[in-house]
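Right, one structure below, let's go through it.
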Amino acid sequence: MPRSTSPDDTAPSSSTDAGAPSRFSAPRVSLWLGVAVCAVAFAYGAWQRRWIADDGLIVLRTVRNLLAGNGPVFNVGERVEVNTSAAWTYLIWFFSWISGVQTEYVVLTVALVLSVAAIPLAMLGTARLYKGGAGWSRLRGSGLLLLPAGGLVYMALPPARDFATSGLEVSLTIFWVALLWWLAVAWSQADRDPVERRDVIRYWTLTLSTAFVAGLSWLVRPEMALVGGLVLLVMFAAPIGWRLRLGITAAGGFLPVAYQIFRMGYYGLPVPNTAVAKDATGSKWGQGFTYLMNLVEPYSLWLPVLALLLAMPLLLLPARGARAPLTGRFRLPHGGARGLRDQLQRPAVIVAVMFLGGVAETLYWLRQGGDFMSGRVLLAPLFLLLLPVMVIPLRIPARQPGDSKVRGFARLAGGTAGAAIAAVLWVLVIGWALHATTLRGQPDGTSIGRTGIVDERAFYSLQTGHAHPITADDYLDYPRMQALQEILRQTPRGGVYLPSIDYDWWFIDPLPYPRPDDVPLRQTVFFTNLGMTGMNLPLDVRVWDQIGLAWPMASHTARLEDGRIGHDKDMFPDWAVAEAKAYPKRPALPGFIDPDWVNQSRVALTCPQIQQLQASYSAPLTFDLFKRNLKLSYANYKLRIDRVPEYTLRMCRLDVPPPLTDDQKSMPKP
């Protein structure tokens, strides 16, 4: 159905028109100047706070295994998806493979480039809202400057600059959001009934590209499917032909569906193991609001957000003789559902969808309880909410005939007073941004208090003694790391290595000697900090954690209600000793581990549900196992075991072994 037009839509615009934009028009010059300033300022700010987080190094251990031919795994022989963002993992692997550069420097470069590029791309997407028809001259009767606003708010926040180079997928996420925003706005302004063949090809390319990028949401971060899915839904429901709908379905769905089949068959789960470890469907609203306030209060983030909200009516209400930039060709729907569908390919709809996506993402993380890293998971939702005001139009009105007929708020917004109020609010945002850039980060951010939230960059800078910890070698100065490397060299016969309260040594529970045939000769480190540990150890050393990011036995336990957010799975080391088949008796067994619990854990590991889970990720991968994993992946995801082995035995309806005697708990006397 052809889109309705108005004389303003079809009126030709020539270079001789008084209001037509030139190459050096005020809107264009102000926009590109703002883009350049923001890009340079964010690059400088991010570089000044450059680092790679311990969790960022987790990705690099997987990349090392990919480069070594072991597959996308963290521990050799265990198919566990330790990274939430599949797209980030393979992006870093690709650039590491093609460049041959040390992976830490690859991830630092890629993260910085994507973070810096996201701000200008988002600004250009927002600037498109004020183009169309006769371009920026559509706001007739007023001079127009397009000035940075929302981008300044984002980049001024210390957490935004921290996570620009952290090695985590935040940089990819905001770049993906910016790219989807730019494409979706362009799609909303495109003519869906082109006549010329060249225009048809351009429209199809734009539509399918937008659908493809929207479909990547599931691979960028699973919860981002809320945003990408909304965009795909709007595009699919728009009044387009069935062939284009099939194209949108294929472009948006092929890659995520193909990877999902691979994930379920290869890993035996429908989601990354991190979603199981952190109970992505869990609920901790109270902690979520604490996390929100942890980002808002120290930086007075409410101030620029309130200023931009107050400025919105003044900015988006059309000047005299012009249409509102978000409505453009909008018409009230006629003809029921079909009339409503005719309005879907509009900039206003895209703005609403992305803003709704930002609200949904914020609510999701409030429900989830946030994260232990200050600000990290709220950066992408904030970026989404700021998209409509990444740049704002500041009008310099000129009095025209007929102004006296304009009354009320429209006269205020379109007049000198409205422009002055908008300018004051913009200056307020600038002043806040300049102040925020002087803040180091969270007050007392290096200590883990009752909230469990910490300024991660400051914490690791303090603990390692490096202002910019980037490489795995930098983390060797973290407590316990050098002692761990030394003790592993001294005990090549294998066993389970457990941290002690003394940072200079580790407990060792060795493998039995002589070693039975079913006990592999392997060193297993049981420690929370997977990134620095995994990157500083050979790939044949297995690294497990009590949180469950790399160890399914821990990830499939129940979430502790009062546990530290992001660390509220805390598996007992007795299970690690039992699964690794280390020596279960004293004095080889450390004193804080109960031989009875080790014995009960050993029996609990024979539970059919647990054996099914273990086989899904550790048995040799065959086509039959791949098919079985596809069928049972959801059952594996739902499985929960208890940290207390006796309770797991009762859940599995297995007999609880009788308590061991003193002789059975100790090594035989010589």
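Residue numbers start at 1 in each chain; chains themselves are named A, B, ... in the order of the structure tokens; ligands are numbered from 1 in the order shown.
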
Sel. of strand (DSSP E or B) residues, range 53-244 of chain A, as a PyMOL selection string: chain A and resi 75+78+142-148

Compile the contact shell of Leu484 in chain A as a count of residues only: residues with an atom at most 12 Å away, counting only C-alpha atoms, same-chain residues fewer than 5 positions apart removed. 31

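The coordinates place CA of Gly548 in chain A at 27.8 Å from CA of Leu255 in chain A.
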
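Here CA of Val351 in chain A and CA of Gly151 in chain A stand 16.1 Å from one another.
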
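Near range 621-631 of chain A, within a cut-off of 8 Å and counting only C-alpha atoms, sit the residues Ile261, Met264, Gly265, Tyr266, Tyr267, Gly268, Leu269 and Ser616 of chain A, with same-chain residues fewer than 4 positions away left out.
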
If you keep all heavy atoms, can you produce a file of those selected residues as an mmCIF file, in the first residue's frame?
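Once written, part-v3.cif looks like this:
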```
data_model
loop_
_atom_site.group_PDB
_atom_site.id
_atom_site.type_symbol
_atom_site.label_atom_id
_atom_site.label_comp_id
_atom_site.auth_asym_id
_atom_site.auth_seq_id
_atom_site.Cartn_x
_atom_site.Cartn_y
_atom_site.Cartn_z
ATOM 1 N N ILE A 261 21.134 -24.198 17.686
ATOM 2 C CA ILE A 261 21.185 -25.654 17.486
ATOM 3 C C ILE A 261 22.570 -26.176 17.870
ATOM 4 O O ILE A 261 22.694 -27.211 18.540
ATOM 5 C CB ILE A 261 20.844 -26.001 16.026
ATOM 6 C CG1 ILE A 261 19.378 -25.653 15.733
ATOM 7 C CG2 ILE A 261 21.121 -27.471 15.739
ATOM 8 C CD1 ILE A 261 19.003 -25.784 14.277
ATOM 9 N N MET A 264 22.939 -26.098 21.792
ATOM 10 C CA MET A 264 22.206 -27.153 22.482
ATOM 11 C C MET A 264 22.837 -28.518 22.264
ATOM 12 O O MET A 264 22.886 -29.349 23.173
ATOM 13 C CB MET A 264 20.745 -27.145 22.029
ATOM 14 C CG MET A 264 19.995 -25.879 22.427
ATOM 15 S SD MET A 264 18.408 -25.687 21.581
ATOM 16 C CE MET A 264 17.479 -27.035 22.303
ATOM 17 N N GLY A 265 23.325 -28.765 21.052
ATOM 18 C CA GLY A 265 23.930 -30.061 20.773
ATOM 19 C C GLY A 265 25.344 -30.192 21.306
ATOM 20 O O GLY A 265 25.739 -31.270 21.764
ATOM 21 N N TYR A 266 26.108 -29.105 21.259
ATOM 22 C CA TYR A 266 27.512 -29.154 21.666
ATOM 23 C C TYR A 266 27.679 -29.017 23.177
ATOM 24 O O TYR A 266 28.419 -29.785 23.807
ATOM 25 C CB TYR A 266 28.272 -28.027 20.953
ATOM 26 C CG TYR A 266 29.771 -28.044 21.153
ATOM 27 C CD1 TYR A 266 30.583 -28.914 20.418
ATOM 28 C CD2 TYR A 266 30.381 -27.183 22.063
ATOM 29 C CE1 TYR A 266 31.968 -28.921 20.591
ATOM 30 C CE2 TYR A 266 31.752 -27.181 22.238
ATOM 31 C CZ TYR A 266 32.539 -28.055 21.508
ATOM 32 O OH TYR A 266 33.908 -28.066 21.685
ATOM 33 N N TYR A 267 26.986 -28.029 23.761
ATOM 34 C CA TYR A 267 27.121 -27.774 25.196
ATOM 35 C C TYR A 267 26.067 -28.490 26.042
ATOM 36 O O TYR A 267 26.223 -28.606 27.255
ATOM 37 C CB TYR A 267 27.035 -26.277 25.478
ATOM 38 C CG TYR A 267 28.152 -25.458 24.882
ATOM 39 C CD1 TYR A 267 27.924 -24.585 23.822
ATOM 40 C CD2 TYR A 267 29.448 -25.533 25.386
ATOM 41 C CE1 TYR A 267 28.942 -23.816 23.283
ATOM 42 C CE2 TYR A 267 30.478 -24.769 24.852
ATOM 43 C CZ TYR A 267 30.220 -23.914 23.802
ATOM 44 O OH TYR A 267 31.233 -23.158 23.261
ATOM 45 N N GLY A 268 24.967 -28.891 25.416
ATOM 46 C CA GLY A 268 23.905 -29.558 26.167
ATOM 47 C C GLY A 268 23.034 -28.618 26.973
ATOM 48 O O GLY A 268 22.330 -29.045 27.886
ATOM 49 N N LEU A 269 23.034 -27.323 26.632
ATOM 50 C CA LEU A 269 22.223 -26.332 27.322
ATOM 51 C C LEU A 269 21.595 -25.383 26.301
ATOM 52 O O LEU A 269 22.199 -25.110 25.248
ATOM 53 C CB LEU A 269 23.061 -25.512 28.303
ATOM 54 C CG LEU A 269 23.524 -26.177 29.605
ATOM 55 C CD1 LEU A 269 24.466 -25.244 30.362
ATOM 56 C CD2 LEU A 269 22.346 -26.559 30.489
ATOM 57 N N SER A 616 26.656 -34.891 29.025
ATOM 58 C CA SER A 616 26.304 -33.923 27.992
ATOM 59 C C SER A 616 27.476 -33.014 27.640
ATOM 60 O O SER A 616 27.562 -32.524 26.510
ATOM 61 C CB SER A 616 25.113 -33.077 28.448
ATOM 62 O OG SER A 616 25.471 -32.207 29.512
#
```

As JSON, numbers by chain, which residues of range 466-510 of chain A does DSSP assign to alpha helix (DSSP H)? {"A": [481, 482, 483, 484, 485, 486, 487, 488, 489, 490]}

Write out, as a PDB file, in the first residue's frame, the residues just selected, with N, CA and C atoms.
```pdb
ATOM      1  N   MET A 481      48.634 -15.760  43.022  1.00  0.00           N
ATOM      2  CA  MET A 481      48.932 -16.198  41.669  1.00  0.00           C
ATOM      3  C   MET A 481      50.341 -16.785  41.533  1.00  0.00           C
ATOM      4  N   GLN A 482      51.345 -16.111  42.028  1.00  0.00           N
ATOM      5  CA  GLN A 482      52.706 -16.624  41.888  1.00  0.00           C
ATOM      6  C   GLN A 482      52.897 -17.892  42.712  1.00  0.00           C
ATOM      7  N   ALA A 483      52.280 -17.950  43.897  1.00  0.00           N
ATOM      8  CA  ALA A 483      52.375 -19.157  44.720  1.00  0.00           C
ATOM      9  C   ALA A 483      51.722 -20.337  44.022  1.00  0.00           C
ATOM     10  N   LEU A 484      50.630 -20.091  43.303  1.00  0.00           N
ATOM     11  CA  LEU A 484      49.957 -21.167  42.584  1.00  0.00           C
ATOM     12  C   LEU A 484      50.841 -21.721  41.473  1.00  0.00           C
ATOM     13  N   GLN A 485      51.456 -20.832  40.694  1.00  0.00           N
ATOM     14  CA  GLN A 485      52.327 -21.305  39.628  1.00  0.00           C
ATOM     15  C   GLN A 485      53.483 -22.141  40.177  1.00  0.00           C
ATOM     16  N   GLU A 486      54.044 -21.708  41.281  1.00  0.00           N
ATOM     17  CA  GLU A 486      55.178 -22.422  41.862  1.00  0.00           C
ATOM     18  C   GLU A 486      54.770 -23.799  42.362  1.00  0.00           C
ATOM     19  N   ILE A 487      53.628 -23.894  43.011  1.00  0.00           N
ATOM     20  CA  ILE A 487      53.222 -25.185  43.572  1.00  0.00           C
ATOM     21  C   ILE A 487      52.804 -26.159  42.478  1.00  0.00           C
ATOM     22  N   LEU A 488      52.284 -25.646  41.385  1.00  0.00           N
ATOM     23  CA  LEU A 488      51.954 -26.518  40.260  1.00  0.00           C
ATOM     24  C   LEU A 488      53.220 -27.105  39.635  1.00  0.00           C
ATOM     25  N   ARG A 489      54.276 -26.302  39.569  1.00  0.00           N
ATOM     26  CA  ARG A 489      55.538 -26.808  39.034  1.00  0.00           C
ATOM     27  C   ARG A 489      56.133 -27.885  39.947  1.00  0.00           C
ATOM     28  N   GLN A 490      55.925 -27.743  41.239  1.00  0.00           N
ATOM     29  CA  GLN A 490      56.515 -28.675  42.184  1.00  0.00           C
ATOM     30  C   GLN A 490      55.743 -29.993  42.308  1.00  0.00           C
TER      31      GLN A 490
END
```

A:Phe236, A:Trp187, A:Trp218, A:Trp597 ranked by distance to Pro272 in chain A, top pick (using only C-alpha atoms):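 Selected residue with least distance to Pro272 in chain A: A:Trp218.
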
Exercise: Val377 in chain A partners within 12 Å, only C-alpha atoms, chain neighbours under 2 positions left out, as an MDAnalysis selection string: chainID A and resid 159:160 163 168:171 173:174 221 223:224 288 291:292 295 358 361:366 368:375 379:383 566

Residue subset to file, keeping N, CA, C and O atoms, as a CSV table (one decimal), in the first residue's frame:
```csv
chain,number,residue,atom,x,y,z
A,159,PRO,N,32.0,4.6,35.0
A,159,PRO,CA,31.9,3.2,34.6
A,159,PRO,C,31.8,3.0,33.1
A,159,PRO,O,32.3,2.0,32.6
A,160,ALA,N,31.3,4.0,32.4
A,160,ALA,CA,31.3,3.9,30.9
A,160,ALA,C,32.7,3.9,30.4
A,160,ALA,O,33.0,3.1,29.4
A,163,PHE,N,34.5,0.4,31.4
A,163,PHE,CA,34.1,-0.8,30.6
A,163,PHE,C,34.3,-0.6,29.1
A,163,PHE,O,33.9,-1.5,28.4
A,168,LEU,N,35.4,-7.1,28.5
A,168,LEU,CA,34.0,-7.6,28.5
A,168,LEU,C,33.2,-7.1,27.3
A,168,LEU,O,33.7,-6.2,26.6
A,169,GLU,N,32.0,-7.7,27.1
A,169,GLU,CA,31.3,-7.4,25.9
A,169,GLU,C,30.5,-6.1,25.9
A,169,GLU,O,29.7,-5.9,25.0
A,170,VAL,N,30.7,-5.3,26.9
A,170,VAL,CA,30.0,-4.0,27.0
A,170,VAL,C,30.2,-3.2,25.7
A,170,VAL,O,29.3,-2.6,25.2
A,171,SER,N,31.5,-3.1,25.3
A,171,SER,CA,31.8,-2.3,24.1
A,171,SER,C,31.0,-2.9,22.8
A,171,SER,O,30.5,-2.1,22.1
A,173,THR,N,28.3,-4.6,22.9
A,173,THR,CA,26.8,-4.4,23.1
A,173,THR,C,26.4,-3.0,22.7
A,173,THR,O,25.4,-2.8,22.0
A,174,ILE,N,27.1,-1.9,23.2
A,174,ILE,CA,26.7,-0.6,22.8
A,174,ILE,C,26.9,-0.3,21.4
A,174,ILE,O,26.2,0.5,20.8
A,221,ARG,N,24.2,-10.6,23.4
A,221,ARG,CA,23.9,-10.9,24.8
A,221,ARG,C,22.5,-11.5,24.8
A,221,ARG,O,21.6,-10.8,24.2
A,223,GLU,N,19.9,-11.4,26.7
A,223,GLU,CA,18.8,-10.5,27.1
A,223,GLU,C,18.5,-9.4,26.1
A,223,GLU,O,17.4,-8.8,26.1
A,224,MET,N,19.5,-9.2,25.2
A,224,MET,CA,19.3,-8.1,24.2
A,224,MET,C,18.3,-8.6,23.1
A,224,MET,O,17.9,-7.8,22.3
A,288,GLY,N,18.5,-5.3,43.2
A,288,GLY,CA,18.5,-4.6,41.9
A,288,GLY,C,18.4,-3.0,42.1
A,288,GLY,O,19.1,-2.3,41.4
A,291,TYR,N,21.5,-1.7,43.4
A,291,TYR,CA,22.5,-1.6,42.3
A,291,TYR,C,22.2,-0.3,41.4
A,291,TYR,O,23.2,0.4,41.0
A,292,LEU,N,21.0,0.0,41.2
A,292,LEU,CA,20.6,1.2,40.4
A,292,LEU,C,21.1,2.4,41.2
A,292,LEU,O,21.7,3.3,40.5
A,295,LEU,N,24.7,3.3,40.9
A,295,LEU,CA,25.1,4.0,39.7
A,295,LEU,C,24.6,5.5,39.7
A,295,LEU,O,25.3,6.4,39.3
A,358,GLY,N,15.0,-0.2,26.2
A,358,GLY,CA,15.8,0.3,27.3
A,358,GLY,C,15.1,0.1,28.6
A,358,GLY,O,15.7,-0.3,29.6
A,361,GLU,N,15.1,-3.6,29.4
A,361,GLU,CA,16.4,-4.1,29.9
A,361,GLU,C,16.7,-3.6,31.3
A,361,GLU,O,17.2,-4.4,32.1
A,362,THR,N,16.3,-2.4,31.6
A,362,THR,CA,16.5,-1.9,33.0
A,362,THR,C,15.7,-2.7,34.0
A,362,THR,O,16.2,-3.1,35.0
A,363,LEU,N,14.4,-3.0,33.7
A,363,LEU,CA,13.6,-3.8,34.6
A,363,LEU,C,14.1,-5.2,34.7
A,363,LEU,O,14.0,-5.7,35.8
A,364,TYR,N,14.6,-5.7,33.6
A,364,TYR,CA,15.2,-7.1,33.7
A,364,TYR,C,16.3,-7.1,34.7
A,364,TYR,O,16.4,-8.0,35.6
A,365,TRP,N,17.2,-6.1,34.7
A,365,TRP,CA,18.4,-6.1,35.6
A,365,TRP,C,18.0,-5.8,37.0
A,365,TRP,O,18.6,-6.2,38.0
A,366,LEU,N,17.0,-5.0,37.1
A,366,LEU,CA,16.5,-4.7,38.5
A,366,LEU,C,15.9,-6.0,39.1
A,366,LEU,O,16.2,-6.3,40.3
A,368,GLN,N,16.7,-9.0,38.2
A,368,GLN,CA,17.9,-10.0,38.4
A,368,GLN,C,18.7,-9.7,39.6
A,368,GLN,O,19.4,-10.5,40.1
A,369,GLY,N,18.8,-8.4,40.0
A,369,GLY,CA,19.6,-8.0,41.1
A,369,GLY,C,20.8,-7.2,40.7
A,369,GLY,O,21.7,-6.9,41.5
A,370,GLY,N,21.0,-6.9,39.4
A,370,GLY,CA,22.2,-6.2,38.9
A,370,GLY,C,23.4,-7.1,38.8
A,370,GLY,O,23.3,-8.3,38.4
A,371,ASP,N,24.5,-6.6,39.3
A,371,ASP,CA,25.8,-7.3,39.1
A,371,ASP,C,26.7,-6.8,40.3
A,371,ASP,O,26.3,-5.9,41.1
A,372,PHE,N,27.8,-7.5,40.4
A,372,PHE,CA,28.8,-7.1,41.4
A,372,PHE,C,29.7,-6.0,40.9
A,372,PHE,O,30.4,-5.4,41.7
A,373,MET,N,29.8,-5.8,39.6
A,373,MET,CA,30.7,-4.7,39.1
A,373,MET,C,29.8,-3.5,39.0
A,373,MET,O,28.8,-3.5,38.3
A,374,SER,N,30.3,-2.4,39.6
A,374,SER,CA,29.5,-1.2,39.6
A,374,SER,C,29.2,-0.6,38.2
A,374,SER,O,30.0,-0.4,37.4
A,375,GLY,N,27.9,-0.5,38.0
A,375,GLY,CA,27.4,0.1,36.7
A,375,GLY,C,27.4,-0.8,35.5
A,375,GLY,O,26.7,-0.4,34.5
A,379,LEU,N,24.8,-0.1,31.8
A,379,LEU,CA,25.3,0.8,30.8
A,379,LEU,C,24.6,0.6,29.5
A,379,LEU,O,24.2,1.6,28.8
A,380,ALA,N,24.3,-0.6,29.0
A,380,ALA,CA,23.6,-0.8,27.8
A,380,ALA,C,22.2,-0.3,27.9
A,380,ALA,O,21.7,0.4,27.0
A,381,PRO,N,21.4,-0.6,29.0
A,381,PRO,CA,20.1,0.0,29.1
A,381,PRO,C,20.1,1.6,29.1
A,381,PRO,O,19.2,2.2,28.5
A,382,LEU,N,21.1,2.2,29.8
A,382,LEU,CA,21.2,3.6,29.8
A,382,LEU,C,21.4,4.1,28.4
A,382,LEU,O,20.9,5.1,27.9
A,383,PHE,N,22.3,3.5,27.6
A,383,PHE,CA,22.6,3.8,26.3
A,383,PHE,C,21.4,3.8,25.4
A,383,PHE,O,21.1,4.7,24.6
A,566,GLY,N,26.1,-12.0,41.9
A,566,GLY,CA,27.0,-12.5,40.9
A,566,GLY,C,27.9,-13.6,41.5
A,566,GLY,O,28.7,-14.3,40.7
```

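Counting only C-alpha atoms, the residue from A:Tyr259, A:Tyr90, A:Tyr637, A:Trp432 that sits nearest to Val305 in chain A is A:Trp432.
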
Quick one: residues within 10 Å of Ala41 in chain A, only C-alpha atoms counted, chain neighbours fewer than 4 positions away excluded, as a list in words? Val35, Ala36, Val37, Gly45, Ala46, Trp47, Val116, Leu152, Met155 and Ala156 of chain A

Using only C-alpha atoms, I'd like a table of the residues in range 93-168 of chain A that come within 10 Å of range 422-426 of chain A; for each, show the closest atom pair and its distance in Å rounded to one decimal, ordered by chain and ascending number, as a tab-separated table.
```
residue	atom	partner	partner_atom	distance
A:Leu147	CA	A:Trp426	CA	8.7
A:Pro148	CA	A:Trp426	CA	9.0
A:Ala149	CA	A:Trp426	CA	7.1
```

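Here CA of Leu439 in chain A and CA of Gly465 in chain A stand 20.8 Å from one another.
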
Can you tell me, as a PyMOL selection string, what residues are no more than 12 Å from Trp88 in chain A when counting only C-alpha atoms, ignoring any on the same chain fewer than 5 positions away? chain A and resi 56+58-60+62-63+83+93-95+107+110-111+114+167-173+175-176+216-221

I want to know what sits within 8 Å of Arg50 in chain A, based on only C-alpha atoms, with residues of the same chain fewer than 3 positions away left out; could you give that as a list in words?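 Neighbouring residues, sequence-local ones excluded: Ala46, Trp47, Asp162, Ala164, Thr165, Ser166, His468 and Ile470 of chain A.
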